[in-house]
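For reference, target-v2.pdb (PDB, C-alpha atoms, pLDDT in the B column):
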```pdb
ATOM      1  CA  MET A   1    -264.380  79.384-146.567  1.00 46.00           C
ATOM      2  CA  LYS A   2    -267.703  79.855-144.789  1.00 59.00           C
ATOM      3  CA  CYS A   3    -270.082  76.893-144.838  1.00 68.00           C
ATOM      4  CA  GLU A   4    -272.832  77.236-147.435  1.00 88.00           C
ATOM      5  CA  PHE A   5    -275.433  75.234-145.482  1.00 96.00           C
ATOM      6  CA  ASP A   6    -277.232  75.661-142.177  1.00 95.00           C
ATOM      7  CA  SER A   7    -278.933  72.257-142.090  1.00 98.00           C
ATOM      8  CA  LEU A   8    -278.824  68.711-143.465  1.00 98.00           C
ATOM      9  CA  ILE A   9    -281.855  66.647-144.507  1.00 98.00           C
ATOM     10  CA  PHE A  10    -281.175  62.915-144.784  1.00 98.00           C
ATOM     11  CA  ASP A  11    -282.930  60.188-146.704  1.00 98.00           C
ATOM     12  CA  MET A  12    -283.096  56.891-144.798  1.00 97.00           C
ATOM     13  CA  ASP A  13    -282.893  53.709-146.912  1.00 96.00           C
ATOM     14  CA  GLY A  14    -279.682  53.479-148.907  1.00 97.00           C
ATOM     15  CA  THR A  15    -278.319  56.584-147.219  1.00 98.00           C
ATOM     16  CA  MET A  16    -278.271  55.843-143.499  1.00 98.00           C
ATOM     17  CA  TRP A  17    -278.837  52.091-143.388  1.00 98.00           C
ATOM     18  CA  ASP A  18    -279.754  48.926-145.275  1.00 97.00           C
ATOM     19  CA  ALA A  19    -282.964  47.375-143.939  1.00 96.00           C
ATOM     20  CA  VAL A  20    -284.070  45.636-147.139  1.00 96.00           C
ATOM     21  CA  ASN A  21    -283.877  42.124-145.682  1.00 97.00           C
ATOM     22  CA  SER A  22    -286.147  43.191-142.822  1.00 97.00           C
ATOM     23  CA  TYR A  23    -288.623  44.762-145.240  1.00 96.00           C
ATOM     24  CA  CYS A  24    -288.735  41.496-147.193  1.00 97.00           C
ATOM     25  CA  LYS A  25    -289.716  39.635-144.026  1.00 98.00           C
ATOM     26  CA  ILE A  26    -292.490  42.141-143.302  1.00 97.00           C
ATOM     27  CA  TRP A  27    -293.935  41.821-146.807  1.00 97.00           C
ATOM     28  CA  ASP A  28    -293.787  38.019-146.565  1.00 97.00           C
ATOM     29  CA  VAL A  29    -295.513  37.908-143.162  1.00 97.00           C
ATOM     30  CA  THR A  30    -298.234  40.161-144.538  1.00 97.00           C
ATOM     31  CA  SER A  31    -298.709  38.020-147.635  1.00 96.00           C
ATOM     32  CA  ASP A  32    -298.903  34.881-145.483  1.00 96.00           C
ATOM     33  CA  SER A  33    -301.709  36.425-143.433  1.00 95.00           C
ATOM     34  CA  PHE A  34    -303.690  36.932-146.659  1.00 94.00           C
ATOM     35  CA  GLY A  35    -302.963  33.398-147.854  1.00 94.00           C
ATOM     36  CA  ILE A  36    -300.825  34.747-150.703  1.00 93.00           C
ATOM     37  CA  ASP A  37    -298.116  32.343-151.854  1.00 92.00           C
ATOM     38  CA  ARG A  38    -295.616  35.013-152.831  1.00 92.00           C
ATOM     39  CA  LYS A  39    -292.136  35.703-151.447  1.00 96.00           C
ATOM     40  CA  VAL A  40    -290.565  39.098-152.029  1.00 96.00           C
ATOM     41  CA  THR A  41    -286.885  38.963-152.910  1.00 96.00           C
ATOM     42  CA  ARG A  42    -284.196  41.426-151.930  1.00 96.00           C
ATOM     43  CA  SER A  43    -283.524  42.304-155.581  1.00 96.00           C
ATOM     44  CA  GLU A  44    -287.212  43.084-156.137  1.00 95.00           C
ATOM     45  CA  LEU A  45    -287.326  45.481-153.197  1.00 94.00           C
ATOM     46  CA  LEU A  46    -284.001  47.074-154.090  1.00 93.00           C
ATOM     47  CA  ALA A  47    -285.489  48.004-157.444  1.00 91.00           C
ATOM     48  CA  THR A  48    -288.269  49.928-155.670  1.00 92.00           C
ATOM     49  CA  MET A  49    -286.199  51.846-153.106  1.00 88.00           C
ATOM     50  CA  GLY A  50    -287.222  55.489-153.018  1.00 83.00           C
ATOM     51  CA  LEU A  51    -290.804  54.835-154.120  1.00 87.00           C
ATOM     52  CA  THR A  52    -293.834  55.326-151.890  1.00 88.00           C
ATOM     53  CA  ILE A  53    -295.454  52.271-150.317  1.00 89.00           C
ATOM     54  CA  ASP A  54    -298.381  52.483-152.758  1.00 90.00           C
ATOM     55  CA  GLN A  55    -295.994  52.474-155.716  1.00 92.00           C
ATOM     56  CA  ILE A  56    -294.016  49.568-154.282  1.00 94.00           C
ATOM     57  CA  PHE A  57    -297.212  47.553-153.860  1.00 94.00           C
ATOM     58  CA  ASP A  58    -298.166  48.194-157.489  1.00 93.00           C
ATOM     59  CA  ARG A  59    -294.728  47.027-158.624  1.00 94.00           C
ATOM     60  CA  LEU A  60    -294.805  43.854-156.536  1.00 95.00           C
ATOM     61  CA  PHE A  61    -298.469  42.971-157.136  1.00 94.00           C
ATOM     62  CA  PRO A  62    -299.392  44.444-160.545  1.00 92.00           C
ATOM     63  CA  ASN A  63    -302.359  42.095-161.022  1.00 86.00           C
ATOM     64  CA  SER A  64    -303.543  41.620-157.453  1.00 85.00           C
ATOM     65  CA  ASP A  65    -306.997  40.140-156.905  1.00 86.00           C
ATOM     66  CA  PHE A  66    -307.114  40.933-153.165  1.00 87.00           C
ATOM     67  CA  ASP A  67    -308.010  44.064-151.240  1.00 91.00           C
ATOM     68  CA  ARG A  68    -305.118  46.507-151.724  1.00 91.00           C
ATOM     69  CA  ALA A  69    -306.190  48.862-148.931  1.00 93.00           C
ATOM     70  CA  MET A  70    -306.562  46.059-146.384  1.00 95.00           C
ATOM     71  CA  TYR A  71    -303.178  44.624-147.370  1.00 95.00           C
ATOM     72  CA  LEU A  72    -301.443  47.983-146.877  1.00 94.00           C
ATOM     73  CA  VAL A  73    -303.114  48.453-143.484  1.00 94.00           C
ATOM     74  CA  GLU A  74    -301.849  45.034-142.394  1.00 96.00           C
ATOM     75  CA  LEU A  75    -298.407  45.780-143.843  1.00 95.00           C
ATOM     76  CA  SER A  76    -298.247  49.010-141.845  1.00 92.00           C
ATOM     77  CA  LYS A  77    -299.267  47.190-138.664  1.00 95.00           C
ATOM     78  CA  ASN A  78    -296.633  44.515-139.204  1.00 95.00           C
ATOM     79  CA  GLU A  79    -293.975  47.127-139.874  1.00 93.00           C
ATOM     80  CA  ARG A  80    -294.850  48.938-136.639  1.00 91.00           C
ATOM     81  CA  GLN A  81    -294.476  45.692-134.704  1.00 93.00           C
ATOM     82  CA  MET A  82    -291.513  44.140-136.497  1.00 95.00           C
ATOM     83  CA  MET A  83    -289.137  46.947-137.484  1.00 93.00           C
ATOM     84  CA  PRO A  84    -288.306  48.043-133.921  1.00 91.00           C
ATOM     85  CA  VAL A  85    -287.038  44.466-133.433  1.00 93.00           C
ATOM     86  CA  LEU A  86    -285.599  43.638-136.863  1.00 96.00           C
ATOM     87  CA  GLY A  87    -284.124  47.034-137.697  1.00 96.00           C
ATOM     88  CA  GLY A  88    -281.420  47.402-140.299  1.00 97.00           C
ATOM     89  CA  VAL A  89    -277.655  47.731-140.628  1.00 97.00           C
ATOM     90  CA  LEU A  90    -276.185  51.222-140.365  1.00 98.00           C
ATOM     91  CA  TYR A  91    -273.606  52.054-143.006  1.00 98.00           C
ATOM     92  CA  PRO A  92    -270.057  52.464-141.659  1.00 98.00           C
ATOM     93  CA  GLY A  93    -269.463  55.867-140.112  1.00 98.00           C
ATOM     94  CA  VAL A  94    -273.121  56.860-139.731  1.00 98.00           C
ATOM     95  CA  ALA A  95    -273.411  56.768-135.942  1.00 98.00           C
ATOM     96  CA  ASP A  96    -270.217  58.694-135.287  1.00 98.00           C
ATOM     97  CA  GLY A  97    -270.799  60.986-138.256  1.00 98.00           C
ATOM     98  CA  VAL A  98    -274.246  62.041-137.082  1.00 98.00           C
ATOM     99  CA  LYS A  99    -272.862  62.887-133.650  1.00 98.00           C
ATOM    100  CA  ARG A 100    -270.199  65.096-135.236  1.00 98.00           C
ATOM    101  CA  LEU A 101    -272.450  66.726-137.815  1.00 98.00           C
ATOM    102  CA  CYS A 102    -275.066  67.799-135.264  1.00 98.00           C
ATOM    103  CA  GLN A 103    -272.422  70.011-133.634  1.00 97.00           C
ATOM    104  CA  LYS A 104    -272.345  72.175-136.766  1.00 97.00           C
ATOM    105  CA  TYR A 105    -275.715  71.660-138.488  1.00 98.00           C
ATOM    106  CA  LYS A 106    -279.336  71.099-137.593  1.00 98.00           C
ATOM    107  CA  LEU A 107    -280.197  67.572-138.728  1.00 98.00           C
ATOM    108  CA  PHE A 108    -283.471  66.414-140.297  1.00 98.00           C
ATOM    109  CA  MET A 109    -284.842  63.403-142.166  1.00 98.00           C
ATOM    110  CA  ALA A 110    -287.326  63.130-145.045  1.00 98.00           C
ATOM    111  CA  SER A 111    -288.330  59.766-146.489  1.00 96.00           C
ATOM    112  CA  ASN A 112    -290.997  58.125-148.638  1.00 94.00           C
ATOM    113  CA  CYS A 113    -291.460  55.453-145.953  1.00 92.00           C
ATOM    114  CA  GLY A 114    -294.567  54.826-143.862  1.00 89.00           C
ATOM    115  CA  ALA A 115    -295.642  57.002-140.967  1.00 91.00           C
ATOM    116  CA  ASP A 116    -293.546  55.105-138.412  1.00 90.00           C
ATOM    117  CA  GLY A 117    -290.504  54.441-140.584  1.00 93.00           C
ATOM    118  CA  LEU A 118    -288.272  57.259-139.380  1.00 96.00           C
ATOM    119  CA  LYS A 119    -289.409  56.883-135.777  1.00 93.00           C
ATOM    120  CA  ASN A 120    -288.479  53.201-135.920  1.00 93.00           C
ATOM    121  CA  PHE A 121    -285.124  54.038-137.496  1.00 96.00           C
ATOM    122  CA  LEU A 122    -284.211  56.636-134.889  1.00 96.00           C
ATOM    123  CA  LYS A 123    -285.360  54.458-131.994  1.00 93.00           C
ATOM    124  CA  PHE A 124    -283.545  51.352-133.237  1.00 95.00           C
ATOM    125  CA  THR A 125    -280.298  53.246-133.887  1.00 96.00           C
ATOM    126  CA  LYS A 126    -280.599  55.410-130.737  1.00 96.00           C
ATOM    127  CA  LEU A 127    -280.048  58.561-132.802  1.00 97.00           C
ATOM    128  CA  GLU A 128    -283.274  60.399-131.831  1.00 97.00           C
ATOM    129  CA  SER A 129    -281.556  63.112-129.834  1.00 97.00           C
ATOM    130  CA  TYR A 130    -279.446  64.298-132.770  1.00 98.00           C
ATOM    131  CA  PHE A 131    -282.350  65.135-135.115  1.00 98.00           C
ATOM    132  CA  THR A 132    -284.562  68.207-134.882  1.00 98.00           C
ATOM    133  CA  ASP A 133    -287.497  67.064-137.050  1.00 98.00           C
ATOM    134  CA  THR A 134    -288.568  64.367-139.514  1.00 98.00           C
ATOM    135  CA  ILE A 135    -291.238  63.943-142.179  1.00 98.00           C
ATOM    136  CA  THR A 136    -292.550  60.951-144.157  1.00 96.00           C
ATOM    137  CA  PHE A 137    -294.895  60.147-146.998  1.00 94.00           C
ATOM    138  CA  GLY A 138    -296.917  58.047-144.578  1.00 91.00           C
ATOM    139  CA  GLU A 139    -297.607  61.083-142.393  1.00 95.00           C
ATOM    140  CA  THR A 140    -298.547  63.597-145.095  1.00 96.00           C
ATOM    141  CA  LEU A 141    -299.477  61.411-148.106  1.00 93.00           C
ATOM    142  CA  HIS A 142    -297.567  63.946-150.195  1.00 95.00           C
ATOM    143  CA  ASP A 143    -294.529  63.373-152.393  1.00 94.00           C
ATOM    144  CA  LYS A 144    -290.962  64.088-151.343  1.00 97.00           C
ATOM    145  CA  PRO A 145    -290.608  67.548-152.972  1.00 97.00           C
ATOM    146  CA  TYR A 146    -293.663  68.746-151.029  1.00 98.00           C
ATOM    147  CA  ASN A 147    -292.383  67.180-147.808  1.00 98.00           C
ATOM    148  CA  ILE A 148    -288.915  68.688-148.171  1.00 98.00           C
ATOM    149  CA  GLN A 149    -290.482  72.120-148.700  1.00 98.00           C
ATOM    150  CA  LEU A 150    -292.772  71.609-145.698  1.00 98.00           C
ATOM    151  CA  LEU A 151    -289.829  70.577-143.513  1.00 97.00           C
ATOM    152  CA  VAL A 152    -287.901  73.658-144.643  1.00 98.00           C
ATOM    153  CA  GLN A 153    -290.831  75.991-144.002  1.00 98.00           C
ATOM    154  CA  ARG A 154    -291.856  74.731-140.589  1.00 97.00           C
ATOM    155  CA  ASN A 155    -288.268  74.844-139.307  1.00 98.00           C
ATOM    156  CA  GLY A 156    -287.307  78.145-140.928  1.00 97.00           C
ATOM    157  CA  LEU A 157    -284.332  76.663-142.778  1.00 97.00           C
ATOM    158  CA  LYS A 158    -282.357  79.091-144.929  1.00 96.00           C
ATOM    159  CA  SER A 159    -279.871  76.895-146.775  1.00 97.00           C
ATOM    160  CA  PRO A 160    -280.506  73.149-146.341  1.00 98.00           C
ATOM    161  CA  LEU A 161    -278.699  70.333-148.138  1.00 98.00           C
ATOM    162  CA  TYR A 162    -280.535  67.095-148.972  1.00 98.00           C
ATOM    163  CA  ILE A 163    -278.502  63.886-148.730  1.00 98.00           C
ATOM    164  CA  GLY A 164    -279.763  60.805-150.574  1.00 98.00           C
ATOM    165  CA  ASP A 165    -278.803  57.896-152.794  1.00 97.00           C
ATOM    166  CA  THR A 166    -281.084  57.872-155.839  1.00 95.00           C
ATOM    167  CA  ALA A 167    -281.906  59.931-158.902  1.00 95.00           C
ATOM    168  CA  GLY A 168    -285.389  60.315-157.427  1.00 94.00           C
ATOM    169  CA  ASP A 169    -283.895  61.919-154.327  1.00 96.00           C
ATOM    170  CA  CYS A 170    -281.998  64.330-156.539  1.00 97.00           C
ATOM    171  CA  ALA A 171    -285.040  65.229-158.629  1.00 97.00           C
ATOM    172  CA  SER A 172    -287.146  65.706-155.492  1.00 97.00           C
ATOM    173  CA  SER A 173    -284.650  67.957-153.747  1.00 97.00           C
ATOM    174  CA  HIS A 174    -284.090  70.088-156.844  1.00 98.00           C
ATOM    175  CA  LYS A 175    -287.847  70.414-157.358  1.00 98.00           C
ATOM    176  CA  ALA A 176    -288.048  71.623-153.759  1.00 98.00           C
ATOM    177  CA  GLY A 177    -285.315  74.176-154.444  1.00 97.00           C
ATOM    178  CA  VAL A 178    -282.716  72.381-152.320  1.00 98.00           C
ATOM    179  CA  LYS A 179    -279.216  71.271-153.340  1.00 97.00           C
ATOM    180  CA  MET A 180    -278.444  67.554-153.151  1.00 98.00           C
ATOM    181  CA  LEU A 181    -275.470  65.410-152.161  1.00 98.00           C
ATOM    182  CA  HIS A 182    -275.438  61.896-153.621  1.00 98.00           C
ATOM    183  CA  VAL A 183    -273.989  59.070-151.515  1.00 98.00           C
ATOM    184  CA  THR A 184    -272.574  56.718-154.118  1.00 97.00           C
ATOM    185  CA  TYR A 185    -272.535  53.698-151.760  1.00 97.00           C
ATOM    186  CA  GLY A 186    -276.357  53.549-151.677  1.00 96.00           C
ATOM    187  CA  PHE A 187    -278.990  51.779-153.735  1.00 95.00           C
ATOM    188  CA  GLY A 188    -279.196  54.092-156.728  1.00 93.00           C
ATOM    189  CA  THR A 189    -277.248  56.150-159.246  1.00 92.00           C
ATOM    190  CA  CYS A 190    -277.419  59.861-159.921  1.00 93.00           C
ATOM    191  CA  THR A 191    -275.945  61.992-162.701  1.00 93.00           C
ATOM    192  CA  ASP A 192    -276.978  65.519-161.750  1.00 95.00           C
ATOM    193  CA  ALA A 193    -276.332  65.795-158.010  1.00 97.00           C
ATOM    194  CA  ASP A 194    -274.641  68.961-156.802  1.00 97.00           C
ATOM    195  CA  TYR A 195    -272.144  67.022-154.676  1.00 97.00           C
ATOM    196  CA  SER A 196    -271.189  63.427-153.938  1.00 97.00           C
ATOM    197  CA  ALA A 197    -269.478  61.282-151.319  1.00 98.00           C
ATOM    198  CA  GLY A 198    -268.316  57.680-151.490  1.00 98.00           C
ATOM    199  CA  SER A 199    -268.747  56.934-147.797  1.00 98.00           C
ATOM    200  CA  PHE A 200    -270.392  58.469-144.744  1.00 98.00           C
ATOM    201  CA  ASP A 201    -266.944  59.214-143.340  1.00 98.00           C
ATOM    202  CA  GLU A 202    -266.115  61.169-146.506  1.00 98.00           C
ATOM    203  CA  LEU A 203    -269.453  62.981-146.302  1.00 97.00           C
ATOM    204  CA  THR A 204    -268.800  63.930-142.671  1.00 98.00           C
ATOM    205  CA  ASP A 205    -265.268  65.121-143.400  1.00 97.00           C
ATOM    206  CA  LYS A 206    -266.400  67.273-146.313  1.00 96.00           C
ATOM    207  CA  LEU A 207    -269.240  68.885-144.384  1.00 97.00           C
ATOM    208  CA  MET A 208    -267.305  69.420-141.172  1.00 96.00           C
ATOM    209  CA  ASN A 209    -264.360  70.974-143.003  1.00 95.00           C
ATOM    210  CA  ASP A 210    -266.240  72.887-145.746  1.00 91.00           C
ATOM    211  CA  LYS A 211    -264.715  70.804-148.534  1.00 91.00           C
ATOM    212  CA  LEU A 212    -267.748  70.455-150.812  1.00 89.00           C
TER     213      LEU A 212
END
```
Show me, as structure tokens, the structure contained in the file I just sent.
Amino acid sequence: MKCEFDSLIFDMDGTMWDAVNSYCKIWDVTSDSFGIDRKVTRSELLATMGLTIDQIFDRLFPNSDFDRAMYLVELSKNERQMMPVLGGVLYPGVADGVKRLCQKYKLFMASNCGADGLKNFLKFTKLESYFTDTITFGETLHDKPYNIQLLVQRNGLKSPLYIGDTAGDCASSHKAGVKMLHVTYGFGTCTDADYSAGSFDELTDKLMNDKL
């Protein structure tokens, strides 16, 4: 059976790695610099995975009495400085899987993270050379459906597959006219994905052997 897809577009958090503990540290360092006595917990951030940074801020600080814009600028600066050092933990099978998948598909990433989020991820994991292009909310200030469509258009993709871990990922990819594979080991649940995989090894096997 001929493969249905010519390219794969990956989400980052909950799909490729878990960096939530590092994000908590970055939020806490930022709050400390503003004199805010507030620690962000892992469970709080997990509940916001897939949202844009503006939406996460509003969830964590719904009644803030400090300058939101200044806080987010400082948060972005701290992320740029800290994430290349802190990084995250790749899910089992990701590194080897990416190296196999790029032999058959063009690989891309689209995330709601800040402008440097995907660059930091690829640099930290040493996976830059396997990906053709990336796009983030922080770069475009547009939502994920728009960014997926933009990524598709500027790379001339004919039949991409989006790979993510949340219902929001699924809704975004479908709105962009792209089929979605849900990785069930991630942070979220999804009831209307086109495909699913319980591990990155399973995902790789299915895509390399046309088993979807």
Determine the residue set returned by the PyMOL selection byres ((chain A and resi 45) around 9) for the present structure, and present it as a list of chain:residue names.
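Expected selection for the PyMOL selection byres ((chain A and resi 45) around 9) here is A:Val20, A:Asn21, A:Tyr23, A:Cys24, A:Val40, A:Thr41, A:Arg42, A:Ser43, A:Glu44, A:Leu46, A:Ala47, A:Thr48, A:Met49, A:Ile56, A:Leu60.
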With the file shown as input, list the residues that the PyMOL selection byres ((chain A and resi 151) around 10) selects, as a PyMOL selection string.
chain A and resi 9+108-110+133-135+145-150+152-157
For a quick check of understanding, using all atoms listed in the file, which of A:Met208, A:Arg100, A:Leu8, A:Trp27 has the smallest distance to Met180 of chain A?
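Residue with the minimum atom-to-atom distance to Met180 of chain A: A:Leu8.
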Picked residues, the PyMOL selection byres ((chain A and resi 83-89) around 8), expected as an MDAnalysis selection string
chainID A and resid 17:22 79:82 90:91 120:121 123:124
Go ahead and compute the interatomic distance for atom CA of Lys99 of chain A and atom CA of Ala167 of chain A, in Å to one decimal.
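Computing the Euclidean distance for atom CA of Lys99 of chain A and atom CA of Ala167 of chain A yields 27.0 Å.
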Excluding Tyr71 of chain A and its own-chain neighbours fewer than 3 positions away, which residues fall within 12 Å of it when counting all atoms listed in the file? Please give them as a ChimeraX atom specification.
/A:26-36,53-54,57-58,61,64-68,74-78
Name the closest residue to Leu207 of chain A among the candidates A:Met12, A:Ala115, A:Ala193, A:Ile163; distances are taken between atoms, counting all atoms listed in the file.
A:Ile163
For a quick check of understanding, using all atoms listed in the file, which of A:Lys179, A:Thr166, A:Met16, A:Lys126 has the smallest distance to Ser199 of chain A?
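Closest residue, counting all atoms listed in the file: A:Met16.
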